[in-house]
Protein chains: 2
Amino acid sequence: MWRCRIIRRRVRSARAPSQLSATVPTPPLSANPSPLTYEQSGVNYDLIDPLKIAAQRAAAATAVHLQTHGFAEVPASRGESAYVVDVGPFYLASIVECLGSKALVADEMQRLTGRSGYEGIAQDTIAMAVNDLITVGATPLVVQAYWAAGGSDWFSDAQRAQALVQGWKHACDQCGVAWGGGETPALAGIVEANRIDLAASCTGIVNPKSRLSVGDRLEAGNVIVFLASSGIHANGLSLARKLVDRLPNGYLTPLEDGTAYGEALLAPTVLYSPVSEALAREGILPRYCVNVTGHGWRKLLRHPGSYTYRVHTVPPVPPVLRFIQRWADLDDHEAYSTLNMGAGFAYFVAPDEAQRTVETAC
Amino acid sequence: MWRCRIIRRRVRSARAPSQLSATVPTPPLSANPSPLTYEQSGVNYDLIDPLKIAAQRAAAATAVHLQTHGFAEVPASRGESAYVVDVGPFYLASIVECLGSKALVADEMQRLTGRSGYEGIAQDTIAMAVNDLITVGATPLVVQAYWAAGGSDWFSDAQRAQALVQGWKHACDQCGVAWGGGETPALAGIVEANRIDLAASCTGIVNPKSRLSVGDRLEAGNVIVFLASSGIHANGLSLARKLVDRLPNGYLTPLEDGTAYGEALLAPTVLYSPVSEALAREGILPRYCVNVTGHGWRKLLRHPGSYTYRVHTVPPVPPVLRFIQRWADLDDHEAYSTLNMGAGFAYFVAPDEAQRTVETAC
């Protein structure tokens with residue numbers, strides 16, 4: 001069951017409607033009144049971005065090699081979430097994605113409660129790859145696991161290791177993908193002791209080719225349909241972890257509904273590929289798709305066209321994200337620029353298909 | 001130009017011919033006379049293998065999902081170096097591979113000499129994926145980069161970052177693959193400060209389908225052709241790094257030819273896909289392929305069939321591997337069970353195609 005909201009776009013703005021701020025009280029005890037933004041949490045994109053730009057340019061120059069095999073890239077996919085190659089009868093899409101730092105929350109919660117959260121962590125990792133791959137209209141076919149541990153010792157916690165395996169399989173089952181294999185290196189000296197660096201690669205095909213979604217069909221008047229998130233998913237975790245220092249009982253601080261903060265953070269990322277496949281079966285071809293991950297709602301604006309976007313109905317904000325916004329003292333602009341705020345994925349569809357999109361997804 | 005050796009297989013043995021030991025003198029000053037094996041160097045497969053087996057079983061159970069898309073896995077590829085799916089007009093092959101710990105050598109050599117070895121490190125990382133992918137007969141089409149740094153700071157060394165980008169592009173150019181994109185997370189708390197965890201995913205196709213090489217065509221009487229390695233490649237580095245403690249001048253200790261040990265270790269892994277493509281153009285279909293990586297020559301025995309293997313001519317051992325064998329005091333059995341000892345890749349071909357294979361590769 002997917003909660004959905006239909007939202008018309010008109011005004012280009014990453015700022016959420018002001019009425020939302022009414023639901024955001026200040027924290028009961030505020031020892032640190034200054035806002036805690038994502039940049040303060042330790043990730044400095046100013047250092048990374050020059051490398052990214054150089055890499056993107058170098059990568060673009062390699063596309064010519066596909067011609068020697070009789071194929072060609074889909075140039076518009078270079079700016080999108082997955083890379084697409086025209087191999088004749090269909091398009092081939094591929095991606096590699098990192099979990100990020102969410103496993104650190106699972107490690108700390110295991111220390112505090114004894115329960116391993118790695119079943120959900122596995123799903124998060126696969127979601128990072130699969131939810132990106134489907135934005136181009138691809139059906140995910142094969143997932144590969146990348147589990148780089150800080151040493152062989154990581155694997156000696158059999159319960160945790162089995163949770164990772166079972167969660168990985170369960171996520172593959174949900175997405176209808178084959179788990180092809182993977183890599184489980186022990187990287188002492190590179191990965192920290194008793195930590196694990198998790199990533200997933202995913203390969204899929206766009207078939208029939210008419211399912212390709214790289215933004216060229218986006219038009220003024222299209223409608224944005226959001227799919228609900230389950231919580232923070234796997235983006236904004238640096239901020240969420242940093243926030244723990246401000247909380248009266250750390251990860252065990254309860255949300256309004258009584259759930260511990262750390263437990264709420266570990267709600268696994270929703271896998272959206274079943275919805276994309278259902279839409280395809282119904283003959284609904286999204287004009288554009290956005291996986292709402294890092295940079296929160298700014299992702300909605302990533303299409304290179306000059307459009308304005310109007311969001312007239314925002315989805316309910318998951319309790320854990322309301323909690324973060326309140327305790328980190330983020331205004332709506334900062335919160336919606338960093339976190340998914342309840343919108344995990346967005347389909348941009350033709351106006352006459354909006355209602356059917358919602359019905360198919362629900 | 002590829003140095004090649006034709007080797008007939010008969011006797012199943014990981015032990016190299018004894019005449020080789022004549023070229024291996026003892027180290028001039030041996031303060032640590034006991035052998036330094038790979039297991040002593042810190043990787044304990046006994047801890048990792050149970051997880052691997054559980055993961056392999058769980059992964060195998062997901063293959064059924066491909067049927068819902070009208071496709072099927074190639075079951076024999078489950079035990080091989082890349083996973084293969086029959087998607088109709090051709091086979092789809094995919095893989096994700098880790099560099100391992102070789103970047104630690106580059107970091108130390110940069111500290112000692114000021115020169116960044118990351119151009120070669122990039123090639124090593126791509127080689128780990130591409131050289132595995134081609135074993136199933138696939139033409140690599142797309143590579144994705146996974147560069148997980150210990151923090152944003154890693155990217156502030158512009159020279160090193162540019163070397164990584166340029167080396168990555170150069171390796172893609174050599175293999176004729178498109179660099180599709182990738183992921184450059186900053187993972188403070190998971191990856192060690194000022195370190196980077198490097199991996200590559202690769203997607204390719206087996207086209208025409210007759211190029212599929214998963215071992216079902218291997219027969220008694222086939223001939224093994226080795227392609228020369230450039231040195232240690234990217235396997236056995238835990239041992240190679242551990243060995244530094246025994247050397248009179250650490251990474252700067254010279255080999256017989258005067259090259260510093262650390263510099264020799266950084267010789268980039270040979271990319272073998274141009275040879276595989278050349279063989280395909282010549283109509284030569286290997287019966288089986290082995291990428292000689294971890295576990296050294298034991299990899300030659302990985303085919304599930306009960307064969308005996310006779311190696312009657314061994315390739316020249318690169319100076320850096322002779323040096324390691326001598327200083328680590330490894331007998332031939334241990335050395336050939338751990339390192340590539342000059343054989344980076346092996347094609348198993350029909351006897352009447354052996355000579356043509358050598359000529360095409362050279």
# chains A, B, ... in the order shown; residues from 1 in each chain; ligands from 1
$ interface_residues --of "chain B" --to "chain A" --cutoff "6 Å" --atoms "only C-alpha atoms" --output "list in words"
Asn44, Leu47, Ile48, Ala55, Ala59, Thr62, Ala63, His65, Tyr83, Ser152, Phe155, Ser156, Val165, Gly176, Val177, Ala178, Trp179, Gly180, Ile190, Val191, Glu192 and Arg195 of chain B
$ residues_around --residues "region 209-221 of chain A" --least-positions-apart "2" --cutoff "8 Å" --atoms "only C-alpha atoms" --output "list in words"
Arg8, Arg9, Arg10, Ala76, Ser77, Glu80, Pro89, Phe90, Tyr91, Thr135, Val136, Gly137, Ala138, Val206, Asn207, Val223, Ala280, Leu285, Pro286, Arg287, Tyr288, Cys289, His303, Tyr307, Phe348, Ala350 and Pro351 of chain A
$ residues_around --residues "Ala240 (chain A)" --least-positions-apart "4" --cutoff "12 Å" --atoms "only C-alpha atoms" --output "JSON list (two decimals) with all heavy atoms, in the first residue's frame"
[["chain", "number", "residue", "atom", "x", "y", "z"],
["A", 36, "LEU", "N", 21.61, 23.02, 12.97],
["A", 36, "LEU", "CA", 22.62, 22.04, 12.58],
["A", 36, "LEU", "C", 22.33, 21.64, 11.13],
["A", 36, "LEU", "O", 21.39, 20.90, 10.88],
["A", 36, "LEU", "CB", 22.55, 20.81, 13.49],
["A", 36, "LEU", "CG", 23.51, 19.66, 13.16],
["A", 36, "LEU", "CD1", 24.96, 20.09, 13.38],
["A", 36, "LEU", "CD2", 23.18, 18.45, 14.02],
["A", 37, "THR", "N", 23.09, 22.19, 10.21],
["A", 37, "THR", "CA", 22.80, 21.92, 8.80],
["A", 37, "THR", "C", 23.60, 20.72, 8.32],
["A", 37, "THR", "O", 24.52, 20.25, 9.00],
["A", 37, "THR", "CB", 23.18, 23.12, 7.93],
["A", 37, "THR", "OG1", 24.60, 23.31, 7.99],
["A", 37, "THR", "CG2", 22.47, 24.38, 8.41],
["A", 38, "TYR", "N", 23.28, 20.25, 7.13],
["A", 38, "TYR", "CA", 23.96, 19.10, 6.57],
["A", 38, "TYR", "C", 25.44, 19.39, 6.36],
["A", 38, "TYR", "O", 26.29, 18.55, 6.60],
["A", 38, "TYR", "CB", 23.30, 18.69, 5.25],
["A", 38, "TYR", "CG", 23.80, 17.36, 4.74],
["A", 38, "TYR", "CD1", 23.44, 16.18, 5.38],
["A", 38, "TYR", "CD2", 24.64, 17.29, 3.64],
["A", 38, "TYR", "CE1", 23.90, 14.97, 4.93],
["A", 38, "TYR", "CE2", 25.11, 16.07, 3.19],
["A", 38, "TYR", "CZ", 24.74, 14.91, 3.84],
["A", 38, "TYR", "OH", 25.21, 13.71, 3.40],
["A", 40, "GLN", "N", 27.34, 21.32, 8.06],
["A", 40, "GLN", "CA", 28.04, 21.26, 9.35],
["A", 40, "GLN", "C", 28.29, 19.82, 9.78],
["A", 40, "GLN", "O", 29.14, 19.56, 10.62],
["A", 40, "GLN", "CB", 27.22, 21.95, 10.43],
["A", 40, "GLN", "CG", 27.17, 23.47, 10.29],
["A", 40, "GLN", "CD", 26.16, 24.06, 11.26],
["A", 40, "GLN", "OE1", 24.98, 23.73, 11.20],
["A", 40, "GLN", "NE2", 26.63, 24.89, 12.16],
["A", 41, "SER", "N", 27.54, 18.89, 9.21],
["A", 41, "SER", "CA", 27.63, 17.50, 9.66],
["A", 41, "SER", "C", 28.83, 16.78, 9.06],
["A", 41, "SER", "O", 29.04, 15.61, 9.33],
["A", 41, "SER", "CB", 26.34, 16.75, 9.35],
["A", 41, "SER", "OG", 26.16, 16.63, 7.96],
["A", 42, "GLY", "N", 29.60, 17.45, 8.23],
["A", 42, "GLY", "CA", 30.89, 16.86, 7.87],
["A", 42, "GLY", "C", 31.11, 16.57, 6.40],
["A", 42, "GLY", "O", 32.21, 16.19, 6.02],
["A", 101, "SER", "N", 26.32, 6.30, 5.29],
["A", 101, "SER", "CA", 26.76, 6.06, 6.68],
["A", 101, "SER", "C", 25.68, 5.46, 7.57],
["A", 101, "SER", "O", 25.83, 5.42, 8.79],
["A", 101, "SER", "CB", 27.28, 7.37, 7.29],
["A", 101, "SER", "OG", 26.23, 8.31, 7.40],
["A", 102, "LYS", "N", 24.59, 4.96, 6.99],
["A", 102, "LYS", "CA", 23.49, 4.45, 7.81],
["A", 102, "LYS", "C", 23.89, 3.24, 8.65],
["A", 102, "LYS", "O", 23.34, 3.02, 9.74],
["A", 102, "LYS", "CB", 22.28, 4.11, 6.93],
["A", 102, "LYS", "CG", 21.01, 3.83, 7.73],
["A", 102, "LYS", "CD", 19.77, 3.84, 6.85],
["A", 102, "LYS", "CE", 18.52, 3.48, 7.64],
["A", 102, "LYS", "NZ", 17.29, 3.58, 6.81],
["A", 104, "LEU", "N", 26.38, 2.90, 10.42],
["A", 104, "LEU", "CA", 26.88, 3.35, 11.72],
["A", 104, "LEU", "C", 25.75, 3.44, 12.75],
["A", 104, "LEU", "O", 25.97, 3.22, 13.94],
["A", 104, "LEU", "CB", 27.58, 4.71, 11.57],
["A", 104, "LEU", "CG", 28.86, 4.72, 10.74],
["A", 104, "LEU", "CD1", 29.39, 6.15, 10.58],
["A", 104, "LEU", "CD2", 29.92, 3.83, 11.36],
["A", 105, "VAL", "N", 24.57, 3.79, 12.30],
["A", 105, "VAL", "CA", 23.41, 3.84, 13.20],
["A", 105, "VAL", "C", 23.05, 2.42, 13.64],
["A", 105, "VAL", "O", 22.78, 2.17, 14.82],
["A", 105, "VAL", "CB", 22.20, 4.51, 12.52],
["A", 105, "VAL", "CG1", 21.01, 4.54, 13.46],
["A", 105, "VAL", "CG2", 22.56, 5.93, 12.06],
["A", 231, "GLY", "N", 10.66, 7.07, 6.05],
["A", 231, "GLY", "CA", 11.42, 7.79, 7.07],
["A", 231, "GLY", "C", 12.57, 8.50, 6.39],
["A", 231, "GLY", "O", 12.43, 9.03, 5.29],
["A", 232, "ILE", "N", 13.75, 8.43, 6.98],
["A", 232, "ILE", "CA", 14.89, 9.16, 6.43],
["A", 232, "ILE", "C", 15.48, 8.44, 5.22],
["A", 232, "ILE", "O", 16.22, 9.03, 4.45],
["A", 232, "ILE", "CB", 15.96, 9.39, 7.52],
["A", 232, "ILE", "CG1", 16.96, 10.46, 7.09],
["A", 232, "ILE", "CG2", 16.66, 8.08, 7.88],
["A", 232, "ILE", "CD1", 17.89, 10.94, 8.18],
["A", 233, "HIS", "N", 15.10, 7.16, 5.03],
["A", 233, "HIS", "CA", 15.72, 6.33, 3.99],
["A", 233, "HIS", "C", 17.23, 6.27, 4.24],
["A", 233, "HIS", "O", 17.63, 6.01, 5.39],
["A", 233, "HIS", "CB", 15.35, 6.82, 2.59],
["A", 233, "HIS", "CG", 13.94, 6.46, 2.21],
["A", 233, "HIS", "ND1", 13.39, 6.70, 0.98],
["A", 233, "HIS", "CD2", 12.95, 5.85, 2.93],
["A", 233, "HIS", "CE1", 12.12, 6.27, 0.95],
["A", 233, "HIS", "NE2", 11.85, 5.76, 2.13],
["A", 234, "ALA", "N", 18.07, 6.53, 3.25],
["A", 234, "ALA", "CA", 19.52, 6.42, 3.52],
["A", 234, "ALA", "C", 20.25, 7.70, 3.14],
["A", 234, "ALA", "O", 21.43, 7.66, 2.83],
["A", 234, "ALA", "CB", 20.09, 5.20, 2.80],
["A", 235, "ASN", "N", 19.55, 8.83, 3.23],
["A", 235, "ASN", "CA", 20.20, 10.12, 2.93],
["A", 235, "ASN", "C", 19.94, 11.11, 4.05],
["A", 235, "ASN", "O", 18.84, 11.18, 4.59],
["A", 235, "ASN", "CB", 19.66, 10.67, 1.61],
["A", 235, "ASN", "CG", 20.17, 9.87, 0.43],
["A", 235, "ASN", "OD1", 19.52, 8.93, -0.02],
["A", 235, "ASN", "ND2", 21.37, 10.20, -0.03],
["A", 236, "GLY", "N", 20.98, 11.87, 4.37],
["A", 236, "GLY", "CA", 20.88, 12.81, 5.48],
["A", 236, "GLY", "C", 21.35, 12.18, 6.78],
["A", 236, "GLY", "O", 21.18, 12.74, 7.86],
["A", 244, "VAL", "N", 22.64, 13.40, 17.40],
["A", 244, "VAL", "CA", 22.56, 12.60, 18.62],
["A", 244, "VAL", "C", 23.18, 13.32, 19.82],
["A", 244, "VAL", "O", 22.70, 13.20, 20.95],
["A", 244, "VAL", "CB", 23.23, 11.22, 18.38],
["A", 244, "VAL", "CG1", 23.47, 10.48, 19.68],
["A", 244, "VAL", "CG2", 22.36, 10.39, 17.45],
["A", 245, "ASP", "N", 24.22, 14.11, 19.55],
["A", 245, "ASP", "CA", 24.88, 14.84, 20.63],
["A", 245, "ASP", "C", 23.93, 15.80, 21.34],
["A", 245, "ASP", "O", 24.16, 16.19, 22.49],
["A", 245, "ASP", "CB", 26.07, 15.65, 20.08],
["A", 245, "ASP", "CG", 27.10, 14.75, 19.42],
["A", 245, "ASP", "OD1", 27.12, 13.55, 19.73],
["A", 245, "ASP", "OD2", 27.87, 15.27, 18.57],
["A", 246, "ARG", "N", 22.89, 16.23, 20.65],
["A", 246, "ARG", "CA", 21.96, 17.21, 21.23],
["A", 246, "ARG", "C", 20.80, 16.56, 21.99],
["A", 246, "ARG", "O", 20.02, 17.26, 22.64],
["A", 246, "ARG", "CB", 21.33, 18.06, 20.12],
["A", 246, "ARG", "CG", 22.29, 18.94, 19.37],
["A", 246, "ARG", "CD", 21.52, 19.94, 18.53],
["A", 246, "ARG", "NE", 22.43, 20.87, 17.89],
["A", 246, "ARG", "CZ", 22.05, 21.97, 17.25],
["A", 246, "ARG", "NH1", 20.76, 22.27, 17.16],
["A", 246, "ARG", "NH2", 22.93, 22.76, 16.70],
["A", 247, "LEU", "N", 20.66, 15.25, 21.83],
["A", 247, "LEU", "CA", 19.46, 14.60, 22.36],
["A", 247, "LEU", "C", 19.66, 14.15, 23.80],
["A", 247, "LEU", "O", 20.75, 13.69, 24.17],
["A", 247, "LEU", "CB", 19.09, 13.40, 21.49],
["A", 247, "LEU", "CG", 18.84, 13.71, 20.02],
["A", 247, "LEU", "CD1", 18.52, 12.44, 19.26],
["A", 247, "LEU", "CD2", 17.71, 14.72, 19.87],
["A", 250, "GLY", "N", 20.32, 10.34, 23.55],
["A", 250, "GLY", "CA", 20.96, 9.84, 22.34],
["A", 250, "GLY", "C", 20.00, 9.11, 21.42],
["A", 250, "GLY", "O", 18.86, 9.54, 21.23],
["A", 251, "TYR", "N", 20.46, 8.00, 20.87],
["A", 251, "TYR", "CA", 19.63, 7.23, 19.94],
["A", 251, "TYR", "C", 18.38, 6.65, 20.60],
["A", 251, "TYR", "O", 17.45, 6.23, 19.93],
["A", 251, "TYR", "CB", 20.44, 6.08, 19.33],
["A", 251, "TYR", "CG", 21.36, 6.51, 18.21],
["A", 251, "TYR", "CD1", 22.75, 6.40, 18.33],
["A", 251, "TYR", "CD2", 20.85, 7.00, 17.01],
["A", 251, "TYR", "CE1", 23.59, 6.78, 17.30],
["A", 251, "TYR", "CE2", 21.68, 7.38, 15.97],
["A", 251, "TYR", "CZ", 23.05, 7.27, 16.12],
["A", 251, "TYR", "OH", 23.88, 7.64, 15.09],
["A", 261, "TYR", "N", 14.58, 7.06, 18.68],
["A", 261, "TYR", "CA", 15.10, 7.78, 17.51],
["A", 261, "TYR", "C", 15.92, 6.86, 16.61],
["A", 261, "TYR", "O", 15.71, 6.81, 15.40],
["A", 261, "TYR", "CB", 15.93, 8.96, 18.01],
["A", 261, "TYR", "CG", 16.66, 9.74, 16.94],
["A", 261, "TYR", "CD1", 15.98, 10.32, 15.88],
["A", 261, "TYR", "CD2", 18.05, 9.90, 17.02],
["A", 261, "TYR", "CE1", 16.67, 11.04, 14.91],
["A", 261, "TYR", "CE2", 18.74, 10.62, 16.06],
["A", 261, "TYR", "CZ", 18.05, 11.19, 15.00],
["A", 261, "TYR", "OH", 18.73, 11.90, 14.05],
["A", 262, "GLY", "N", 16.85, 6.11, 17.20],
["A", 262, "GLY", "CA", 17.72, 5.23, 16.41],
["A", 262, "GLY", "C", 16.93, 4.16, 15.67],
["A", 262, "GLY", "O", 17.23, 3.84, 14.52],
["A", 264, "ALA", "N", 13.80, 4.40, 14.72],
["A", 264, "ALA", "CA", 13.04, 5.07, 13.65],
["A", 264, "ALA", "C", 13.94, 5.36, 12.45],
["A", 264, "ALA", "O", 13.52, 5.24, 11.29],
["A", 264, "ALA", "CB", 12.41, 6.35, 14.17],
["A", 265, "LEU", "N", 15.18, 5.74, 12.73],
["A", 265, "LEU", "CA", 16.12, 6.00, 11.62],
["A", 265, "LEU", "C", 16.33, 4.75, 10.78],
["A", 265, "LEU", "O", 16.57, 4.83, 9.58],
["A", 265, "LEU", "CB", 17.49, 6.46, 12.17],
["A", 265, "LEU", "CG", 17.61, 7.87, 12.71],
["A", 265, "LEU", "CD1", 19.00, 8.09, 13.29],
["A", 265, "LEU", "CD2", 17.31, 8.92, 11.65],
["A", 266, "LEU", "N", 16.26, 3.58, 11.43],
["A", 266, "LEU", "CA", 16.58, 2.33, 10.74],
["A", 266, "LEU", "C", 15.42, 1.76, 9.91],
["A", 266, "LEU", "O", 15.57, 0.70, 9.31],
["A", 266, "LEU", "CB", 17.07, 1.28, 11.75],
["A", 266, "LEU", "CG", 18.45, 1.58, 12.35],
["A", 266, "LEU", "CD1", 18.82, 0.52, 13.39],
["A", 266, "LEU", "CD2", 19.52, 1.66, 11.27],
["A", 320, "VAL", "N", 10.06, 10.71, 12.34],
["A", 320, "VAL", "CA", 11.50, 10.83, 12.56],
["A", 320, "VAL", "C", 12.06, 12.07, 11.85],
["A", 320, "VAL", "O", 13.01, 12.69, 12.34],
["A", 320, "VAL", "CB", 12.23, 9.54, 12.13],
["A", 320, "VAL", "CG1", 12.21, 9.36, 10.61],
["A", 320, "VAL", "CG2", 13.67, 9.54, 12.64],
["A", 321, "LEU", "N", 11.47, 12.45, 10.75],
["A", 321, "LEU", "CA", 11.95, 13.65, 10.05],
["A", 321, "LEU", "C", 11.44, 14.92, 10.74],
["A", 321, "LEU", "O", 12.17, 15.93, 10.80],
["A", 321, "LEU", "CB", 11.54, 13.61, 8.57],
["A", 321, "LEU", "CG", 12.09, 12.41, 7.79],
["A", 321, "LEU", "CD1", 11.69, 12.50, 6.31],
["A", 321, "LEU", "CD2", 13.60, 12.30, 7.92],
["A", 322, "ARG", "N", 10.22, 14.87, 11.26],
["A", 322, "ARG", "CA", 9.73, 16.01, 12.07],
["A", 322, "ARG", "C", 10.64, 16.21, 13.27],
["A", 322, "ARG", "O", 11.00, 17.33, 13.63],
["A", 322, "ARG", "CB", 8.30, 15.73, 12.55],
["A", 322, "ARG", "CG", 7.21, 16.16, 11.61],
["A", 322, "ARG", "CD", 5.91, 16.54, 12.35],
["A", 322, "ARG", "NE", 5.49, 15.53, 13.31],
["A", 322, "ARG", "CZ", 4.79, 14.44, 12.99],
["A", 322, "ARG", "NH1", 4.43, 14.23, 11.74],
["A", 322, "ARG", "NH2", 4.44, 13.57, 13.91],
["A", 323, "PHE", "N", 11.02, 15.09, 13.88],
["A", 323, "PHE", "CA", 11.89, 15.11, 15.06],
["A", 323, "PHE", "C", 13.24, 15.74, 14.72],
["A", 323, "PHE", "O", 13.76, 16.59, 15.44],
["A", 323, "PHE", "CB", 12.05, 13.66, 15.54],
["A", 323, "PHE", "CG", 12.90, 13.47, 16.77],
["A", 323, "PHE", "CD1", 12.32, 13.47, 18.03],
["A", 323, "PHE", "CD2", 14.27, 13.26, 16.67],
["A", 323, "PHE", "CE1", 13.10, 13.26, 19.18],
["A", 323, "PHE", "CE2", 15.06, 13.06, 17.80],
["A", 323, "PHE", "CZ", 14.46, 13.06, 19.06],
["A", 324, "ILE", "N", 13.81, 15.32, 13.59],
["A", 324, "ILE", "CA", 15.12, 15.87, 13.18],
["A", 324, "ILE", "C", 15.00, 17.37, 12.91],
["A", 324, "ILE", "O", 15.83, 18.17, 13.37],
["A", 324, "ILE", "CB", 15.65, 15.15, 11.92],
["A", 324, "ILE", "CG1", 16.05, 13.71, 12.27],
["A", 324, "ILE", "CG2", 16.85, 15.90, 11.32],
["A", 324, "ILE", "CD1", 16.37, 12.85, 11.06],
["A", 325, "GLN", "N", 13.96, 17.75, 12.19],
["A", 325, "GLN", "CA", 13.81, 19.17, 11.86],
["A", 325, "GLN", "C", 13.72, 20.02, 13.13],
["A", 325, "GLN", "O", 14.33, 21.08, 13.24],
["A", 325, "GLN", "CB", 12.57, 19.39, 10.99],
["A", 325, "GLN", "CG", 12.40, 20.89, 10.64],
["A", 325, "GLN", "CD", 11.27, 21.17, 9.68],
["A", 325, "GLN", "OE1", 10.39, 20.33, 9.47],
["A", 325, "GLN", "NE2", 11.30, 22.35, 9.08],
["A", 326, "ARG", "N", 12.96, 19.49, 14.10],
["A", 326, "ARG", "CA", 12.74, 20.23, 15.34],
["A", 326, "ARG", "C", 14.03, 20.34, 16.16],
["A", 326, "ARG", "O", 14.43, 21.41, 16.58],
["A", 326, "ARG", "CB", 11.67, 19.49, 16.16],
["A", 326, "ARG", "CG", 11.07, 20.28, 17.27],
["A", 326, "ARG", "CD", 10.05, 19.43, 18.01],
["A", 326, "ARG", "NE", 10.68, 18.22, 18.56],
["A", 326, "ARG", "CZ", 10.02, 17.25, 19.19],
["A", 326, "ARG", "NH1", 8.70, 17.33, 19.32],
["A", 326, "ARG", "NH2", 10.65, 16.22, 19.68],
["A", 327, "TRP", "N", 14.72, 19.19, 16.34],
["A", 327, "TRP", "CA", 15.91, 19.20, 17.20],
["A", 327, "TRP", "C", 17.11, 19.84, 16.53],
["A", 327, "TRP", "O", 18.00, 20.37, 17.20],
["A", 327, "TRP", "CB", 16.25, 17.77, 17.63],
["A", 327, "TRP", "CG", 15.39, 17.32, 18.77],
["A", 327, "TRP", "CD1", 14.20, 16.68, 18.69],
["A", 327, "TRP", "CD2", 15.63, 17.52, 20.17],
["A", 327, "TRP", "NE1", 13.68, 16.45, 19.93],
["A", 327, "TRP", "CE2", 14.54, 16.95, 20.87],
["A", 327, "TRP", "CE3", 16.66, 18.12, 20.90],
["A", 327, "TRP", "CZ2", 14.46, 16.97, 22.26],
["A", 327, "TRP", "CZ3", 16.59, 18.13, 22.29],
["A", 327, "TRP", "CH2", 15.49, 17.56, 22.95],
["A", 328, "ALA", "N", 17.19, 19.77, 15.20],
["A", 328, "ALA", "CA", 18.30, 20.41, 14.51],
["A", 328, "ALA", "C", 17.99, 21.87, 14.23],
["A", 328, "ALA", "O", 18.83, 22.60, 13.69],
["A", 328, "ALA", "CB", 18.59, 19.68, 13.20],
["A", 335, "ALA", "N", 15.24, 22.07, 5.79],
["A", 335, "ALA", "CA", 14.76, 20.69, 5.97],
["A", 335, "ALA", "C", 14.40, 20.06, 4.63],
["A", 335, "ALA", "O", 14.82, 18.95, 4.32],
["A", 335, "ALA", "CB", 13.55, 20.68, 6.91],
["A", 338, "THR", "N", 17.31, 19.14, 2.35],
["A", 338, "THR", "CA", 18.23, 18.12, 2.86],
["A", 338, "THR", "C", 17.59, 16.74, 2.95],
["A", 338, "THR", "O", 18.21, 15.74, 2.63],
["A", 338, "THR", "CB", 18.73, 18.53, 4.27],
["A", 338, "THR", "OG1", 19.27, 19.85, 4.22],
["A", 338, "THR", "CG2", 19.80, 17.57, 4.76],
["A", 339, "LEU", "N", 16.34, 16.71, 3.38],
["A", 339, "LEU", "CA", 15.67, 15.44, 3.69],
["A", 339, "LEU", "C", 14.49, 15.21, 2.73],
["A", 339, "LEU", "O", 14.03, 16.14, 2.07],
["A", 339, "LEU", "CB", 15.16, 15.47, 5.13],
["A", 339, "LEU", "CG", 16.25, 15.76, 6.18],
["A", 339, "LEU", "CD1", 15.62, 16.15, 7.51],
["A", 339, "LEU", "CD2", 17.18, 14.56, 6.34]]
$ select_by_dssp --residues "region 101-333 of chain B" --states "helix (DSSP H, G or I)" --output "VMD selection string"
chain B and resid 102 to 113 118 to 136 152 to 156 158 to 175 209 to 211 237 to 246 250 to 252 261 to 265 273 to 281 296 to 301 319 to 327 332 to 333
$ atom_distance --atom1 "CA of Gly296 (chain B)" --atom2 "CA of Lys242 (chain B)"
17.7 Å
$ select_by_dssp --residues "region 74-206 of chain A" --states "strand (DSSP E)" --output "PyMOL selection string"
chain A and resi 83-86+91-98+139-149+178-183+196-206
